[in-house]
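Next comes entry.txt, with compact mmCIF, C-alpha atoms and all ligand atoms.
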# COMPACT_ATOMS: atom_id res chain seq x y z
CA MET X 1 61.11 8.00 0.08
CA THR X 2 59.38 11.34 -0.32
CA ILE X 3 55.72 11.48 -1.27
CA ALA X 4 56.70 12.83 -4.68
CA THR X 5 59.02 9.89 -5.30
CA GLN X 6 56.33 7.46 -4.13
CA GLN X 7 53.86 8.98 -6.56
CA GLN X 8 56.46 8.76 -9.29
CA VAL X 9 56.98 5.02 -8.63
CA ILE X 10 53.24 4.34 -8.48
CA HIS X 11 52.71 6.30 -11.68
CA GLU X 12 55.38 4.31 -13.51
CA GLU X 13 53.92 1.00 -12.34
CA GLU X 14 50.43 2.06 -13.40
CA THR X 15 51.58 3.24 -16.80
CA THR X 16 53.24 -0.10 -17.41
CA ALA X 17 50.10 -1.97 -16.26
CA MET X 18 47.86 0.19 -18.45
CA ALA X 19 50.04 -0.47 -21.45
CA ARG X 20 49.52 -4.20 -20.96
CA PHE X 21 45.86 -4.15 -19.79
CA PRO X 22 43.68 -1.19 -20.69
CA LEU X 23 42.44 0.03 -17.30
CA ALA X 24 38.78 -0.75 -16.75
CA ARG X 25 37.02 2.53 -16.12
CA PRO X 26 33.44 1.99 -14.84
CA ARG X 27 33.21 5.76 -14.37
CA ARG X 28 32.99 6.15 -18.16
CA LEU X 29 29.35 5.03 -17.87
CA ARG X 30 28.55 7.43 -15.04
CA ALA X 31 29.65 10.65 -16.70
CA THR X 32 26.24 12.14 -17.59
CA PRO X 33 22.63 11.73 -16.50
CA ALA X 34 21.76 10.26 -19.91
CA LEU X 35 24.50 7.62 -19.70
CA ARG X 36 23.49 6.75 -16.15
CA ARG X 37 19.91 6.38 -17.27
CA MET X 38 20.96 4.06 -20.13
CA VAL X 39 22.80 1.66 -17.86
CA ARG X 40 20.35 1.72 -14.95
CA GLU X 41 19.51 -1.88 -14.06
CA THR X 42 16.51 -1.40 -11.78
CA SER X 43 13.38 0.63 -12.42
CA LEU X 44 11.06 2.16 -9.86
CA ASP X 45 7.59 3.10 -10.98
CA ALA X 46 4.34 4.13 -9.30
CA GLY X 47 2.90 0.96 -10.88
CA ASP X 48 5.02 -1.09 -8.45
CA PHE X 49 3.36 0.37 -5.37
CA ILE X 50 0.50 -0.75 -3.13
CA TYR X 51 -0.76 1.87 -0.66
CA PRO X 52 -2.06 0.67 2.74
CA LEU X 53 -5.12 2.33 4.27
CA PHE X 54 -6.52 2.07 7.81
CA VAL X 55 -10.30 2.26 7.87
CA THR X 56 -12.27 3.11 10.97
CA HIS X 57 -15.89 3.68 11.99
CA GLY X 58 -17.46 7.12 12.26
CA GLN X 59 -18.14 10.14 10.10
CA ASP X 60 -15.50 12.49 8.72
CA VAL X 61 -12.74 10.89 10.77
CA ALA X 62 -9.06 11.39 9.89
CA ARG X 63 -7.18 10.39 13.03
CA PRO X 64 -3.41 10.84 12.65
CA ILE X 65 -1.18 8.01 13.89
CA ALA X 66 1.55 9.50 16.07
CA SER X 67 4.19 6.90 15.22
CA MET X 68 3.47 7.11 11.48
CA PRO X 69 3.52 10.81 10.52
CA GLY X 70 1.48 11.36 7.37
CA VAL X 71 -0.71 8.28 7.93
CA SER X 72 -4.22 8.46 9.44
CA GLN X 73 -7.08 6.20 10.30
CA LEU X 74 -9.87 7.21 7.93
CA SER X 75 -13.62 6.76 8.06
CA VAL X 76 -15.31 5.24 5.00
CA ASP X 77 -16.71 8.61 3.85
CA ARG X 78 -13.15 9.95 3.67
CA LEU X 79 -11.97 7.18 1.34
CA PRO X 80 -13.25 8.40 -2.05
CA ALA X 81 -11.09 11.55 -1.95
CA VAL X 82 -8.03 9.55 -0.93
CA VAL X 83 -8.40 6.82 -3.54
CA GLU X 84 -8.96 9.44 -6.25
CA ALA X 85 -5.59 10.91 -5.26
CA VAL X 86 -4.04 7.42 -5.30
CA ALA X 87 -5.37 6.76 -8.82
CA LYS X 88 -4.27 10.20 -10.03
CA LEU X 89 -0.71 9.36 -8.99
CA THR X 90 -1.11 6.11 -11.03
CA VAL X 91 -0.62 3.87 -7.99
CA PRO X 92 -2.67 0.80 -9.03
CA ALA X 93 -3.70 -0.70 -5.71
CA VAL X 94 -4.61 -0.13 -2.08
CA MET X 95 -4.45 -2.60 0.80
CA LEU X 96 -7.13 -2.26 3.46
CA PHE X 97 -6.90 -2.79 7.22
CA GLY X 98 -10.01 -2.37 9.34
CA ILE X 99 -10.49 -1.15 12.89
CA PRO X 100 -13.76 -2.65 14.16
CA GLU X 101 -16.32 -0.97 16.36
CA SER X 102 -15.92 -3.60 19.08
CA LYS X 103 -13.71 -6.60 19.68
CA ASP X 104 -14.44 -10.13 20.92
CA PRO X 105 -12.58 -13.45 21.14
CA VAL X 106 -13.45 -14.44 17.54
CA GLY X 107 -13.58 -11.02 15.89
CA LEU X 108 -17.15 -11.15 14.62
CA GLU X 109 -17.05 -7.89 12.66
CA ASN X 110 -14.28 -9.41 10.55
CA PHE X 111 -16.81 -11.38 8.48
CA ASP X 112 -19.84 -9.15 8.90
CA PRO X 113 -21.03 -8.08 5.40
CA ASP X 114 -21.68 -4.64 6.89
CA GLY X 115 -18.36 -4.48 8.71
CA VAL X 116 -15.99 -1.61 8.16
CA ILE X 117 -14.00 -3.36 5.40
CA PRO X 118 -16.92 -4.50 3.21
CA ARG X 119 -18.29 -0.94 3.43
CA ALA X 120 -14.88 0.47 2.55
CA ILE X 121 -14.55 -1.86 -0.45
CA ARG X 122 -17.93 -0.78 -1.82
CA ALA X 123 -17.14 2.92 -1.32
CA ILE X 124 -13.78 2.60 -3.09
CA LYS X 125 -15.21 0.57 -5.96
CA GLU X 126 -17.89 3.19 -6.45
CA ALA X 127 -15.39 6.06 -6.44
CA VAL X 128 -12.60 4.48 -8.55
CA PRO X 129 -13.74 1.16 -10.05
CA GLU X 130 -10.41 0.38 -11.71
CA LEU X 131 -8.38 0.66 -8.51
CA VAL X 132 -7.27 -2.77 -7.28
CA VAL X 133 -8.56 -3.36 -3.76
CA ILE X 134 -6.54 -5.83 -1.70
CA THR X 135 -7.77 -6.77 1.77
CA ASP X 136 -5.80 -8.03 4.74
CA VAL X 137 -7.27 -11.27 6.04
CA CYS X 138 -6.30 -11.78 9.68
CA LEU X 139 -7.90 -11.80 13.11
CA CYS X 140 -5.60 -9.58 15.17
CA GLU X 141 -7.34 -6.22 14.64
CA TYR X 142 -10.72 -7.77 15.46
CA THR X 143 -10.02 -10.00 18.45
CA ASP X 144 -10.12 -8.64 22.00
CA HIS X 145 -6.89 -10.54 22.77
CA GLY X 146 -5.15 -9.11 19.69
CA HIS X 147 -3.95 -12.48 18.39
CA CYS X 148 -4.10 -13.65 14.78
CA GLY X 149 -6.20 -16.73 15.50
CA LEU X 150 -8.50 -18.41 17.95
CA LEU X 151 -6.82 -19.20 21.24
CA ASN X 152 -6.46 -22.40 23.20
CA THR X 153 -8.45 -21.02 26.11
CA ALA X 154 -10.90 -22.81 28.37
CA ASN X 155 -14.47 -22.07 27.43
CA GLY X 156 -16.50 -23.86 30.08
CA ASP X 157 -14.61 -26.79 31.55
CA ALA X 158 -11.52 -27.59 29.50
CA ARG X 159 -9.47 -25.91 26.83
CA PRO X 160 -9.75 -27.49 23.37
CA HIS X 161 -6.23 -28.92 23.30
CA ALA X 162 -5.05 -30.22 26.65
CA TYR X 163 -1.47 -30.68 25.50
CA LEU X 164 -1.07 -27.25 23.90
CA PRO X 165 -0.34 -24.27 26.16
CA GLU X 166 -3.04 -21.92 27.42
CA GLY X 167 -3.32 -19.02 24.94
CA TYR X 168 -1.67 -20.88 22.04
CA VAL X 169 -2.89 -19.62 18.64
CA LEU X 170 -4.87 -22.56 17.29
CA ASN X 171 -4.21 -23.51 13.70
CA ASP X 172 -6.98 -25.63 12.19
CA GLU X 173 -9.73 -24.00 14.27
CA THR X 174 -8.69 -20.60 12.88
CA LEU X 175 -8.95 -21.64 9.24
CA PRO X 176 -12.78 -21.52 9.01
CA VAL X 177 -12.72 -17.99 10.42
CA LEU X 178 -10.18 -16.87 7.82
CA VAL X 179 -12.32 -18.48 5.13
CA ARG X 180 -15.39 -16.54 6.27
CA VAL X 181 -13.41 -13.29 6.24
CA ALA X 182 -12.05 -13.90 2.74
CA LEU X 183 -15.54 -14.74 1.46
CA ALA X 184 -17.02 -11.60 3.04
CA HIS X 185 -14.36 -9.49 1.35
CA ALA X 186 -14.82 -11.19 -2.02
CA GLU X 187 -18.60 -10.75 -1.79
CA ALA X 188 -18.10 -7.04 -1.10
CA GLY X 189 -15.95 -6.73 -4.23
CA ALA X 190 -12.34 -7.18 -3.11
CA ASP X 191 -10.06 -7.82 -6.08
CA ILE X 192 -7.40 -9.71 -4.12
CA VAL X 193 -7.42 -11.21 -0.63
CA ALA X 194 -4.22 -11.26 1.40
CA PRO X 195 -4.08 -13.65 4.36
CA SER X 196 -1.41 -12.38 6.76
CA GLY X 197 -1.66 -14.59 9.83
CA MET X 198 0.99 -17.25 9.04
CA ILE X 199 -1.54 -19.96 9.89
CA ASP X 200 -0.57 -23.26 8.21
CA GLY X 201 -2.93 -24.13 5.37
CA MET X 202 -4.55 -20.66 5.18
CA VAL X 203 -3.92 -20.25 1.46
CA GLY X 204 -5.34 -23.66 0.55
CA ALA X 205 -8.41 -23.22 2.75
CA ILE X 206 -9.18 -19.78 1.31
CA ARG X 207 -8.49 -20.89 -2.28
CA THR X 208 -10.83 -23.88 -1.96
CA ALA X 209 -13.59 -21.78 -0.41
CA LEU X 210 -13.31 -19.01 -3.00
CA ASP X 211 -13.43 -21.55 -5.84
CA GLY X 212 -16.48 -23.18 -4.29
CA ALA X 213 -18.34 -19.88 -4.01
CA ASP X 214 -17.96 -18.55 -7.55
CA PHE X 215 -14.85 -16.52 -6.68
CA ALA X 216 -12.38 -18.62 -8.64
CA HIS X 217 -11.28 -15.38 -10.30
CA VAL X 218 -10.15 -13.73 -7.05
CA PRO X 219 -6.36 -14.08 -6.53
CA VAL X 220 -4.75 -14.83 -3.19
CA MET X 221 -1.73 -12.74 -2.22
CA SER X 222 -0.07 -14.76 0.49
CA TYR X 223 2.01 -13.19 3.22
CA ALA X 224 4.09 -16.30 2.67
CA VAL X 225 7.18 -15.27 4.56
CA LYS X 226 6.34 -13.05 7.47
CA TYR X 227 8.80 -12.63 10.30
CA ALA X 228 8.10 -12.05 14.00
CA SER X 229 9.45 -8.51 13.68
CA SER X 230 9.87 -5.53 15.97
CA PHE X 231 9.31 -3.32 12.94
CA TYR X 232 5.51 -3.76 13.17
CA GLY X 233 5.31 -1.55 16.27
CA PRO X 234 3.81 1.58 14.68
CA PHE X 235 1.31 -0.52 12.67
CA ARG X 236 -0.03 -1.98 15.89
CA ASP X 237 -0.83 1.58 17.02
CA ALA X 238 -2.42 2.31 13.65
CA ALA X 239 -4.52 -0.84 13.43
CA GLU X 240 -4.99 -1.25 17.18
CA GLY X 241 -4.02 -4.89 16.81
CA ALA X 242 -1.23 -5.43 19.35
CA PRO X 243 -1.41 -8.73 21.23
CA LYS X 244 -2.69 -8.14 24.78
CA PHE X 245 -0.22 -10.75 26.09
CA GLY X 246 2.59 -12.81 24.64
CA ASP X 247 3.93 -12.44 21.12
CA ARG X 248 3.53 -13.89 17.64
CA LYS X 249 6.56 -16.15 17.64
CA SER X 250 4.56 -19.38 17.52
CA HIS X 251 3.35 -18.58 14.00
CA GLN X 252 5.48 -15.77 12.50
CA MET X 253 8.99 -16.73 11.42
CA ASP X 254 12.23 -16.42 13.36
CA PRO X 255 14.26 -13.50 11.90
CA ALA X 256 17.32 -15.77 11.94
CA ASN X 257 15.88 -18.14 9.31
CA ALA X 258 16.09 -17.91 5.53
CA ARG X 259 16.01 -21.55 4.37
CA GLU X 260 12.72 -21.99 6.22
CA ALA X 261 11.30 -19.27 3.98
CA LEU X 262 11.64 -21.68 1.06
CA ARG X 263 9.45 -24.19 2.87
CA GLU X 264 6.79 -21.58 3.62
CA ALA X 265 6.79 -20.29 0.05
CA ALA X 266 6.75 -23.77 -1.52
CA LEU X 267 3.68 -24.70 0.55
CA ASP X 268 1.85 -21.55 -0.46
CA VAL X 269 2.66 -22.15 -4.12
CA ALA X 270 1.34 -25.70 -3.80
CA GLU X 271 -1.82 -24.39 -2.10
CA GLY X 272 -2.52 -22.05 -5.00
CA ALA X 273 -1.10 -18.67 -4.00
CA ASP X 274 -1.06 -16.15 -6.86
CA PHE X 275 1.46 -13.79 -5.24
CA LEU X 276 4.15 -14.36 -2.64
CA MET X 277 5.26 -11.78 -0.12
CA VAL X 278 8.22 -11.16 2.13
CA LYS X 279 7.67 -8.97 5.17
CA PRO X 280 9.36 -6.79 6.44
CA ALA X 281 11.43 -5.70 3.45
CA LEU X 282 14.66 -3.89 4.33
CA PRO X 283 16.08 -6.27 6.97
CA TYR X 284 15.18 -9.21 4.68
CA LEU X 285 16.53 -8.27 1.25
CA ASP X 286 18.39 -11.60 1.09
CA VAL X 287 15.12 -13.46 1.56
CA ILE X 288 13.49 -11.41 -1.21
CA ARG X 289 16.37 -12.39 -3.51
CA LEU X 290 16.07 -16.04 -2.47
CA LEU X 291 12.36 -16.18 -3.25
CA ARG X 292 12.79 -14.31 -6.52
CA ASP X 293 15.37 -16.89 -7.65
CA LYS X 294 13.60 -20.00 -6.37
CA PHE X 295 10.02 -19.06 -7.33
CA PRO X 296 10.37 -17.04 -10.52
CA GLN X 297 6.91 -18.15 -11.65
CA LEU X 298 5.01 -15.91 -9.20
CA PRO X 299 4.95 -12.15 -8.73
CA LEU X 300 6.71 -11.24 -5.52
CA ALA X 301 5.63 -8.46 -3.17
CA ALA X 302 7.63 -7.00 -0.31
CA TYR X 303 6.06 -5.15 2.61
CA ASN X 304 8.04 -2.05 3.54
CA VAL X 305 6.48 -2.05 7.00
CA SER X 306 5.47 0.64 9.46
CA GLY X 307 8.74 0.61 11.42
CA GLU X 308 10.79 1.03 8.25
CA TYR X 309 8.57 3.99 7.34
CA ALA X 310 8.77 5.50 10.83
CA MET X 311 12.58 5.33 10.88
CA ILE X 312 12.98 7.37 7.71
CA ARG X 313 10.25 9.83 8.65
CA ALA X 314 11.73 10.38 12.11
CA ALA X 315 15.26 10.87 10.81
CA ALA X 316 14.01 13.23 8.11
CA ALA X 317 11.95 15.23 10.61
CA ASN X 318 15.16 15.74 12.60
CA GLY X 319 16.99 16.90 9.51
CA TRP X 320 19.28 13.85 9.74
CA LEU X 321 18.71 12.61 6.23
CA ASP X 322 17.11 13.72 3.02
CA GLU X 323 13.70 12.06 2.92
CA ARG X 324 13.21 11.98 -0.82
CA GLY X 325 16.64 10.50 -1.50
CA ALA X 326 16.41 7.98 1.33
CA VAL X 327 12.92 6.79 0.38
CA LEU X 328 13.67 6.36 -3.33
CA GLU X 329 16.94 4.58 -2.52
CA ALA X 330 15.24 2.20 -0.07
CA LEU X 331 12.45 1.40 -2.52
CA THR X 332 14.94 0.89 -5.36
CA GLY X 333 16.91 -1.45 -3.10
CA ILE X 334 13.80 -3.54 -2.46
CA ARG X 335 13.17 -3.75 -6.20
CA ARG X 336 16.83 -4.58 -6.91
CA ALA X 337 16.62 -7.42 -4.36
CA GLY X 338 13.89 -8.90 -6.56
CA ALA X 339 10.49 -7.60 -5.46
CA ASP X 340 8.00 -6.81 -8.22
CA LEU X 341 5.63 -4.95 -5.92
CA ILE X 342 6.17 -2.90 -2.79
CA ILE X 343 3.51 -2.31 -0.18
CA THR X 344 4.57 1.02 1.27
CA TYR X 345 3.27 3.99 3.23
CA HIS X 346 5.65 6.09 1.13
CA ALA X 347 3.69 5.19 -2.04
CA LEU X 348 2.05 8.57 -2.65
CA ASP X 349 5.13 10.66 -1.85
CA ALA X 350 7.34 8.38 -3.93
CA ALA X 351 4.89 8.43 -6.86
CA ARG X 352 4.88 12.24 -6.73
CA TRP X 353 8.68 12.43 -6.64
CA LEU X 354 8.97 10.01 -9.55
CA GLN X 355 6.48 12.11 -11.52
CA GLU X 356 8.51 15.26 -10.83
CA GLY X 357 11.55 13.41 -12.17
C1 LIG X 401 -1.48 -8.53 10.73
C2 LIG X 401 -0.56 -7.54 10.11
C3 LIG X 401 0.49 -6.84 10.72
C4 LIG X 401 1.04 -6.02 9.73
C5 LIG X 401 0.31 -6.22 8.57
N1 LIG X 401 -0.66 -7.18 8.82
C6 LIG X 401 0.94 -6.79 12.11
C7 LIG X 401 1.37 -7.98 12.84
O1 LIG X 401 1.60 -9.06 12.28
O2 LIG X 401 1.49 -7.84 14.05
C8 LIG X 401 2.19 -5.08 9.92
C9 LIG X 401 2.38 -4.08 8.84
C10 LIG X 401 3.26 -2.94 9.21
O3 LIG X 401 3.99 -2.96 10.22
O4 LIG X 401 3.28 -1.97 8.44
N2 LIG X 401 -2.81 -8.29 10.37
How does the structure come out when it is put into structure tokens?
Amino acid sequence: MTIATQQQVIHEEETTAMARFPLARPRRLRATPALRRMVRETSLDAGDFIYPLFVTHGQDVARPIASMPGVSQLSVDRLPAVVEAVAKLTVPAVMLFGIPESKDPVGLENFDPDGVIPRAIRAIKEAVPELVVITDVCLCEYTDHGHCGLLNTANGDARPHAYLPEGYVLNDETLPVLVRVALAHAEAGADIVAPSGMIDGMVGAIRTALDGADFAHVPVMSYAVKYASSFYGPFRDAAEGAPKFGDRKSHQMDPANAREALREAALDVAEGADFLMVKPALPYLDVIRLLRDKFPQLPLAAYNVSGEYAMIRAAAANGWLDERGAVLEALTGIRRAGADLIITYHALDAARWLQEG
């Protein structure tokens, strides 16, 4: 059969089929920008974004992070200009990570009222009072070992838990430290505290302490479902919080697990979390969808982490993909999966692109 005859046969079959069933033509709704806009299912808005900031000691410091082009560690005096730009782009919130002056096994600066984060909170609140200030509550940037909790390490004669391994991240012993950090942030004026360590009971302990200290109005954004991910690499340069030995697999989740995420989220809901979070975002869109469906009562955030940012920036810098298109598509995908809010280093660029239309 020649091609022409084949086409003739196909055409006749199609015509017969179309006579019986009008052919569905989804392309009808894609014909013009206005039609596409009318049938768009997912919105992306600067109001969905949370912009992370890395705050460091010193004067007039803006130290670029090599693995995160466009992101810098900033000293407190540099923050007002940045947060004014954030507010101008109508991004409603920032999330703060601190780099302390010195580190020790407990991370003492973490709950010092004059530590880098309390000073940053006050500076931001003075510059742009309406901006929502969210603070990361964890130990890893502050401890000399770089772990997210106190360690099962001998101090004197014996280690605290003989049957747990040397260097194990202790759970219940870490909770009072997290509580002190959350209280220090709330006292300095944080609007939301965000415990990120995946320590069991952290949300309940912080909620109880806040309520007992006249901070019942301060919400807890729980990093409820945080995976032991390789995509945090660039962040660990930025926040100087890489573990000095070992990994975080005894507390962060196994990337292979999704049903376990339901258990983590259910506990945090029961403990009084006001927001849930899935982190990272792009390799875990199914988990975002799962949480959105199973816990519709809480706003859901997704953390588009440093490695996800670095991949797009690196590819764009090589001319391998169009940055604007790739970023807006990735962020839309995270929203489509079910996230209400996206913590992203792309926030300011994306807000600008959305404004330009
Ligand atoms: C822990 C924390 C991490 C990130 C946010 N909070 C790192 C880790 O768990 O090792 C990673 C965020 C990112 O990669 O952008 N305080």
(message) Hey, which residues sit close to ligand LIG 401 (chain X)? Say within 7 Å, counting all atoms listed in the file, and write them as an MDAnalysis selection string.
(response) chainID X and resid 136:141 196:197 231:236 241:242 304:307
(request) Just the residues within 8 Å of range 90-93 of chain X, please, counting all atoms listed in the file, with nothing from its chain fewer than 2 positions along; format it as a PyMOL selection string. (result) chain X and resi 46-51+86-88+95+131-134+347-348+351
(request) Find the residues near range 56-73 of chain X: any atom within 7 Å, counting only C-alpha atoms, skip ones fewer than 6 places away on the same chain, and give them as a ChimeraX atom specification. (result) /X:98-101,116,234,238,310
Which residues come within 9 Å of range 102-105 of chain X, counting only C-alpha atoms, excluding same-chain residues fewer than 6 positions away, as a tab-separated table (two decimals) with C-alpha atoms, in the frame of the given file?
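Final output, saved to part34.tsv:
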chain	number	residue	atom	x	y	z
X	141	GLU	CA	-7.34	-6.22	14.64
X	142	TYR	CA	-10.72	-7.77	15.46
X	143	THR	CA	-10.02	-10.00	18.45
X	144	ASP	CA	-10.12	-8.64	22.00
X	145	HIS	CA	-6.89	-10.54	22.77
X	146	GLY	CA	-5.15	-9.11	19.69
X	150	LEU	CA	-8.50	-18.41	17.95
X	151	LEU	CA	-6.82	-19.20	21.24
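Restricting the calculation to only C-alpha atoms, the smallest distance between His346 in chain X and any of X:Leu262, X:Val76, X:Ala314, X:Pro52 is found for X:Pro52.
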(message) Between X:Gly149, X:Pro165, X:Pro219, X:Pro129, which residue has the minimum interatomic distance to Glu84 in chain X, considering all atoms listed in the file?
(response)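 Among the listed residues, X:Pro129 lies closest to Glu84 in chain X.
When all atoms listed in the file are used to compute distances to Tyr168 in chain X, the closest of the residues X:Glu130, X:Asp247, X:Asp286, X:Glu260 turns out to be X:Asp247.
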(message) Residues within 6 Å of range 111-115 of chain X, please, as JSON, numbers by chain. Count only C-alpha atoms; anything in the same chain fewer than 6 positions from it doesn't count.
(response) {"X": [180, 181, 184]}
(message) Could you tell me how far CA of Ala194 in chain X sits from CA of Tyr223 in chain X, in Å to one decimal place?
(response)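 We find that CA of Tyr223 in chain X and CA of Ala194 in chain X lie 6.8 Å from each other.
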(request) Counting only C-alpha atoms, figure out which residue out of X:Gly319, X:Gly338, X:Gly204, X:Pro243 gets nearest to Lys294 in chain X. (result) X:Gly338
(request) Would you please work out which residue, of X:Ala81, X:Leu298, X:Ala239, X:Leu291, is nearest to Ala127 in chain X when using all atoms listed in the file? (result) X:Ala81
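Going from CA of Pro118 in chain X over to CA of Ile199 in chain X, you cover 22.8 Å.
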(message) If I take CA of Ala216 in chain X and CA of Ala190 in chain X, how far is one from the other in Å, to one decimal?
(response)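 Distance reported for this atom pair: 12.7 Å.
For the choices X:Arg289, X:Arg78, X:Arg122, X:His147, the atom-to-atom distance to Glu240 in chain X is smallest for X:His147 when using only C-alpha atoms.
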Could you put an axis-aligned box around every listed atom of range 312-316 of chain X, padded by 5 Å on each side, and send me its centre and edge lengths in Å to one decimal, as lines of an AutoDock Vina configuration file?
center_x = 12.8
center_y = 10.3
center_z = 9.9
size_x = 15.0
size_y = 15.9
size_z = 14.4
(request) Tell me which protein, DNA and RNA residues are within 6 Å of Thr153 in chain X, counting only C-alpha atoms, leaving out same-chain ones fewer than 6 positions away, and put them as a list in words. (result)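 The neighbour list is Arg159, Glu166 and Gly167 of chain X.
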